[in-house]
Amino acid sequence: KIQFSRVVQISSGDEIRSNVLEPKAEALPNYIDRPSAWVGSELAIQPDQWLYTLADEDVADLEQAASHYLDSGRDIGEMTKSDFPLDHFGHHLAKLREKLLQGIGVEVIRGLPTDGYSQKTAAAIFCGIGAHLGSARSQNAGGHILGHVRDIGADVSDPNARIYQTSARQTFHTDSTDVVGLLCLKSARSGGQSLLVSAETLFNEMQRKRPDLVPQMFDIVATDRRGEIPPGEKAYFEIPVLSWYQELLTVQYQRQYIDSAQRFSDAPKLTNEQIEALDYFDALANDPELHMVMQLQPGDMQFVYNHSQLHDREAFVDWPEPESRRHLLRLWLSLEGDRPLPICFQSRYGSVKPGNRGGIITEQTHLHAPLD
C-alpha cells in the first residue's frame, strides 16, 4: 500500500502543479538494479566502462570547433551546440549523454593537451562539449556558467563559504543540476583525489543492513543556500535527501549545508533518527569497497550524473607558485529528455522542466563565462 506525505501547490512561469502527492518510503523497492547502481571496487578495475582516451582526430575536431567559435568574438557563455560544430567526436558525445542518463552515470575523457592551450581555448572546448550535452546553468549568484574550482582562501567555518573554494575535504554531495562537468587544468602538489559513489548502491546497502533508517532518508530536510537566495525564497531549501519518483531514485545531498541550515530559527530541526540515518549514509559513502577514487590529470574532463551519483574531493596541499596551483573548470548542465523530478525540487532548481532546470538564480544574476 502506497501512502503519501503531503499536498503541495506550486505555480511558476512554465508549469502549474497543484494537489501534488509526494510518495513516502512505503512505496520503495527493496533493491534497485540499474547500471548506475555500481560498486566502486568493481568499477575501478573496469576503466573501459568509464574512461575514454581522445584520439588525435578527436583533438583536432575539438580544436577546429573552438577556433571556429572564438573567431566570432562572442562570449563563451553564449555558446550553443550549433556554434560548436563537430565531425565524428559528436557521435561519442551522443553516447556519453546516454551513458549519463541511462548508464553508469560517469565518464572521464582523457588526453586533451591543455598545457598547449590558452585558458580561453581550453574553456571554449569545455563549454562546447557541454553544449553538445545540455544547456549550461548558473553556478552562483554572479551568473557564472563557467566555474573555477580552486583554493582562494575561503574560511571553511564561514556558513556562507563555498567549500570548493578551499583546500578542505568536501564530503560526498551533489550539485544543484542534472550533470556536473570538471576540466582539470592544474593538479595539486598532493591530494585532491576525486571520489564517486552511487546513491542507488548506498540505498541498496541501507535496505540490506539498516532498513530501519531508510524512511528517514526520504524525510524533507533543510539545506543551507549559503547566502545565495532567489527572490521570494527562504535562506534554505527543503528537499529529501532521497526521492522515489516515477520508479526512479533521485539524490540531493550536501551534509555540510544540511548541518549549517540548522542555524536558521525557522528551519525544521533534525531529529535524532534523521541524524543517525545521515551518519550511516555518510559512513557507507566513505566505505572504500563502495566508492571509487581517481586522480584527475591535467586535460581530464569528468562528467557525473547528479541524480544517481555523489561526488567528493579529498583535501589537498597546493603548490607555492600561483601559476602552478590546482585549478579546475566546472560546468553545470541541464539535459533535454532527462528524468522527471518531484515538484519539491522546484524550490532549488527553479523549475523541474527537463533541459531548463537547475543552477542558482538571484535578482543580481547575469549569465556569463568568466575566464578568471
# chains A, B, ... in the order shown; residues from 1 in each chain; ligands from 1
>>> residues_around(residues="His291 (chain A)", least_positions_apart="4", cutoff="7 Å", atoms="only C-alpha atoms", output="ChimeraX atom specification")
/A:39-41,195-197,285-287
>>> write_last_selection(atoms="all heavy atoms", output="JSON list (two decimals), in the first residue's frame")
[["chain", "number", "residue", "atom", "x", "y", "z"],
["A", 39, "VAL", "N", 29.27, -0.76, -7.85],
["A", 39, "VAL", "CA", 30.11, -0.85, -6.66],
["A", 39, "VAL", "C", 31.51, -0.36, -7.03],
["A", 39, "VAL", "O", 32.10, -0.82, -8.02],
["A", 39, "VAL", "CB", 30.17, -2.30, -6.13],
["A", 39, "VAL", "CG1", 31.16, -2.42, -4.97],
["A", 39, "VAL", "CG2", 28.77, -2.75, -5.70],
["A", 40, "GLY", "N", 32.03, 0.58, -6.26],
["A", 40, "GLY", "CA", 33.27, 1.25, -6.63],
["A", 40, "GLY", "C", 34.45, 0.34, -6.85],
["A", 40, "GLY", "O", 35.22, 0.50, -7.81],
["A", 41, "SER", "N", 34.64, -0.65, -5.96],
["A", 41, "SER", "CA", 35.79, -1.53, -6.10],
["A", 41, "SER", "C", 35.72, -2.35, -7.38],
["A", 41, "SER", "O", 36.77, -2.75, -7.92],
["A", 41, "SER", "CB", 35.87, -2.47, -4.88],
["A", 41, "SER", "OG", 34.69, -3.27, -4.79],
["A", 195, "LEU", "N", 36.44, 11.45, -5.70],
["A", 195, "LEU", "CA", 35.74, 10.26, -5.23],
["A", 195, "LEU", "C", 34.31, 10.27, -5.76],
["A", 195, "LEU", "O", 33.66, 11.32, -5.80],
["A", 195, "LEU", "CB", 35.72, 10.19, -3.71],
["A", 195, "LEU", "CG", 37.04, 10.00, -2.97],
["A", 195, "LEU", "CD1", 37.79, 11.31, -2.82],
["A", 195, "LEU", "CD2", 36.80, 9.39, -1.59],
["A", 196, "LEU", "N", 33.82, 9.11, -6.15],
["A", 196, "LEU", "CA", 32.46, 8.96, -6.65],
["A", 196, "LEU", "C", 31.81, 7.76, -5.97],
["A", 196, "LEU", "O", 32.48, 6.76, -5.69],
["A", 196, "LEU", "CB", 32.46, 8.73, -8.17],
["A", 196, "LEU", "CG", 33.10, 9.81, -9.04],
["A", 196, "LEU", "CD1", 33.21, 9.32, -10.48],
["A", 196, "LEU", "CD2", 32.29, 11.09, -8.98],
["A", 197, "VAL", "N", 30.50, 7.86, -5.74],
["A", 197, "VAL", "CA", 29.77, 6.73, -5.19],
["A", 197, "VAL", "C", 28.34, 6.77, -5.72],
["A", 197, "VAL", "O", 27.79, 7.85, -5.96],
["A", 197, "VAL", "CB", 29.78, 6.75, -3.64],
["A", 197, "VAL", "CG1", 28.93, 7.88, -3.07],
["A", 197, "VAL", "CG2", 29.37, 5.40, -3.06],
["A", 285, "ALA", "N", 28.99, 5.82, 2.28],
["A", 285, "ALA", "CA", 29.63, 6.52, 1.17],
["A", 285, "ALA", "C", 31.15, 6.48, 1.30],
["A", 285, "ALA", "O", 31.88, 6.42, 0.30],
["A", 285, "ALA", "CB", 29.14, 7.95, 1.09],
["A", 286, "ASN", "N", 31.64, 6.51, 2.53],
["A", 286, "ASN", "CA", 33.08, 6.52, 2.77],
["A", 286, "ASN", "C", 33.69, 5.12, 2.85],
["A", 286, "ASN", "O", 34.90, 4.99, 3.07],
["A", 286, "ASN", "CB", 33.39, 7.30, 4.06],
["A", 286, "ASN", "CG", 33.32, 8.80, 3.85],
["A", 286, "ASN", "OD1", 34.22, 9.39, 3.28],
["A", 286, "ASN", "ND2", 32.22, 9.41, 4.29],
["A", 287, "ASP", "N", 32.89, 4.09, 2.62],
["A", 287, "ASP", "CA", 33.40, 2.72, 2.59],
["A", 287, "ASP", "C", 34.22, 2.53, 1.31],
["A", 287, "ASP", "O", 33.70, 2.66, 0.21],
["A", 287, "ASP", "CB", 32.22, 1.75, 2.61],
["A", 287, "ASP", "CG", 32.65, 0.29, 2.67],
["A", 287, "ASP", "OD1", 33.83, -0.01, 2.37],
["A", 287, "ASP", "OD2", 31.81, -0.55, 3.01]]
>>> select_by_dssp(residues="region 13-226 of chain A", states="helix (DSSP H, G or I)", output="MDAnalysis selection string")
chainID A and resid 25:27 40:43 47:49 56:70 76:78 81:83 89:102 114:116 119:133 163:165 199:209 211:218
>>> residues_around(residues="Phe264 (chain A)", least_positions_apart="3", cutoff="10 Å", atoms="only C-alpha atoms", output="number ranges by chain")
A: 222, 224, 234-236, 260-261, 267-269
>>> write_last_selection(atoms="all heavy atoms", output="PDB file, in the first residue's frame")
ATOM      1  N   ALA A 222      16.084  20.608   5.630  1.00  0.00           N
ATOM      2  CA  ALA A 222      16.513  21.936   5.190  1.00  0.00           C
ATOM      3  C   ALA A 222      17.982  21.898   4.785  1.00  0.00           C
ATOM      4  O   ALA A 222      18.811  21.288   5.470  1.00  0.00           O
ATOM      5  CB  ALA A 222      16.308  22.951   6.307  1.00  0.00           C
ATOM      6  N   ASP A 224      21.092  24.594   3.526  1.00  0.00           N
ATOM      7  CA  ASP A 224      21.514  25.999   3.502  1.00  0.00           C
ATOM      8  C   ASP A 224      21.814  26.457   2.072  1.00  0.00           C
ATOM      9  O   ASP A 224      22.529  25.778   1.331  1.00  0.00           O
ATOM     10  CB  ASP A 224      22.772  26.126   4.370  1.00  0.00           C
ATOM     11  CG  ASP A 224      23.088  27.547   4.782  1.00  0.00           C
ATOM     12  OD1 ASP A 224      22.561  28.483   4.166  1.00  0.00           O
ATOM     13  OD2 ASP A 224      23.886  27.706   5.726  1.00  0.00           O
ATOM     14  N   LYS A 234      13.318  31.213   0.871  1.00  0.00           N
ATOM     15  CA  LYS A 234      13.947  31.224   2.183  1.00  0.00           C
ATOM     16  C   LYS A 234      15.472  31.130   2.034  1.00  0.00           C
ATOM     17  O   LYS A 234      15.991  30.879   0.945  1.00  0.00           O
ATOM     18  CB  LYS A 234      13.432  30.055   3.017  1.00  0.00           C
ATOM     19  CG  LYS A 234      11.933  30.080   3.286  1.00  0.00           C
ATOM     20  CD  LYS A 234      11.530  28.823   4.067  1.00  0.00           C
ATOM     21  CE  LYS A 234      10.034  28.777   4.310  1.00  0.00           C
ATOM     22  NZ  LYS A 234       9.613  27.543   5.037  1.00  0.00           N
ATOM     23  N   ALA A 235      16.156  31.280   3.151  1.00  0.00           N
ATOM     24  CA  ALA A 235      17.621  31.157   3.153  1.00  0.00           C
ATOM     25  C   ALA A 235      18.059  29.705   3.031  1.00  0.00           C
ATOM     26  O   ALA A 235      19.255  29.421   2.963  1.00  0.00           O
ATOM     27  CB  ALA A 235      18.198  31.771   4.424  1.00  0.00           C
ATOM     28  N   TYR A 236      17.124  28.797   2.991  1.00  0.00           N
ATOM     29  CA  TYR A 236      17.395  27.380   2.815  1.00  0.00           C
ATOM     30  C   TYR A 236      16.304  26.799   1.922  1.00  0.00           C
ATOM     31  O   TYR A 236      15.253  27.414   1.724  1.00  0.00           O
ATOM     32  CB  TYR A 236      17.398  26.656   4.170  1.00  0.00           C
ATOM     33  CG  TYR A 236      16.132  26.848   4.960  1.00  0.00           C
ATOM     34  CD1 TYR A 236      15.032  26.013   4.801  1.00  0.00           C
ATOM     35  CD2 TYR A 236      16.017  27.911   5.856  1.00  0.00           C
ATOM     36  CE1 TYR A 236      13.860  26.207   5.506  1.00  0.00           C
ATOM     37  CE2 TYR A 236      14.835  28.113   6.572  1.00  0.00           C
ATOM     38  CZ  TYR A 236      13.762  27.266   6.388  1.00  0.00           C
ATOM     39  OH  TYR A 236      12.600  27.465   7.084  1.00  0.00           O
ATOM     40  N   SER A 260      24.532  23.196   8.466  1.00  0.00           N
ATOM     41  CA  SER A 260      24.583  24.645   8.674  1.00  0.00           C
ATOM     42  C   SER A 260      23.212  25.302   8.562  1.00  0.00           C
ATOM     43  O   SER A 260      22.995  26.395   9.084  1.00  0.00           O
ATOM     44  CB  SER A 260      25.570  25.302   7.699  1.00  0.00           C
ATOM     45  OG  SER A 260      25.111  25.245   6.365  1.00  0.00           O
ATOM     46  N   ALA A 261      22.255  24.631   7.901  1.00  0.00           N
ATOM     47  CA  ALA A 261      20.889  25.176   7.829  1.00  0.00           C
ATOM     48  C   ALA A 261      20.213  25.172   9.189  1.00  0.00           C
ATOM     49  O   ALA A 261      19.216  25.890   9.386  1.00  0.00           O
ATOM     50  CB  ALA A 261      20.055  24.373   6.829  1.00  0.00           C
ATOM     51  N   ALA A 267      13.970  26.933  10.359  1.00  0.00           N
ATOM     52  CA  ALA A 267      14.253  25.690   9.623  1.00  0.00           C
ATOM     53  C   ALA A 267      13.811  24.487  10.446  1.00  0.00           C
ATOM     54  O   ALA A 267      13.975  24.471  11.674  1.00  0.00           O
ATOM     55  CB  ALA A 267      15.741  25.581   9.311  1.00  0.00           C
ATOM     56  N   PRO A 268      13.238  23.456   9.800  1.00  0.00           N
ATOM     57  CA  PRO A 268      12.875  22.254  10.539  1.00  0.00           C
ATOM     58  C   PRO A 268      14.112  21.608  11.154  1.00  0.00           C
ATOM     59  O   PRO A 268      15.140  21.459  10.491  1.00  0.00           O
ATOM     60  CB  PRO A 268      12.238  21.352   9.476  1.00  0.00           C
ATOM     61  CG  PRO A 268      12.729  21.876   8.170  1.00  0.00           C
ATOM     62  CD  PRO A 268      12.933  23.340   8.359  1.00  0.00           C
ATOM     63  N   LYS A 269      14.009  21.245  12.421  1.00  0.00           N
ATOM     64  CA  LYS A 269      15.157  20.703  13.139  1.00  0.00           C
ATOM     65  C   LYS A 269      15.308  19.207  12.865  1.00  0.00           C
ATOM     66  O   LYS A 269      14.322  18.470  12.788  1.00  0.00           O
ATOM     67  CB  LYS A 269      15.014  20.953  14.640  1.00  0.00           C
ATOM     68  CG  LYS A 269      14.906  22.432  15.000  1.00  0.00           C
ATOM     69  CD  LYS A 269      16.038  23.247  14.377  1.00  0.00           C
ATOM     70  CE  LYS A 269      15.855  24.737  14.602  1.00  0.00           C
ATOM     71  NZ  LYS A 269      16.851  25.542  13.834  1.00  0.00           N
TER      72      LYS A 269
END
>>> select_by_dssp(residues="region 88-216 of chain A", states="strand (DSSP E)", output="JSON, numbers by chain")
{"A": [106, 107, 108, 109, 110, 135, 136, 147, 148, 149, 179, 180, 181, 182, 183, 184, 185, 186, 190, 191, 194, 195, 196, 197, 198]}
>>> closest_residue(among="A:Glu323, A:Asp33, A:Asp48, A:Asp282", to="Thr171 (chain A)", atoms="only C-alpha atoms")
A:Asp282
>>> closest_residue(among="A:Met301, A:Gln346, A:Ala315, A:Phe281", to="Glu238 (chain A)", atoms="only C-alpha atoms")
A:Gln346
>>> residues_around(residues="region 272-278 of chain A", least_positions_apart="6", cutoff="9 Å", atoms="only C-alpha atoms", output="PyMOL selection string")
chain A and resi 210+212-217+219+241+255
>>> write_last_selection(atoms="C-alpha atoms", output="short mmCIF file (atom, residue, chain, number, x, y, z; two decimals), in the first residue's frame")
data_model
loop_
_atom_site.label_atom_id
_atom_site.label_comp_id
_atom_site.auth_asym_id
_atom_site.auth_seq_id
_atom_site.Cartn_x
_atom_site.Cartn_y
_atom_site.Cartn_z
CA ARG A 210 19.72 -0.93 8.23
CA ASP A 212 15.00 0.89 9.88
CA LEU A 213 16.94 4.01 8.83
CA VAL A 214 15.73 4.11 5.22
CA PRO A 215 12.46 6.04 5.81
CA GLN A 216 14.37 8.94 7.40
CA MET A 217 16.30 9.43 4.14
CA ASP A 219 12.05 12.98 5.04
CA VAL A 241 17.99 13.52 0.56
CA ARG A 255 25.65 17.21 4.58
#
>>> atom_distance(atom1="CA of Ala369 (chain A)", atom2="CA of Gly350 (chain A)")
20.5 Å
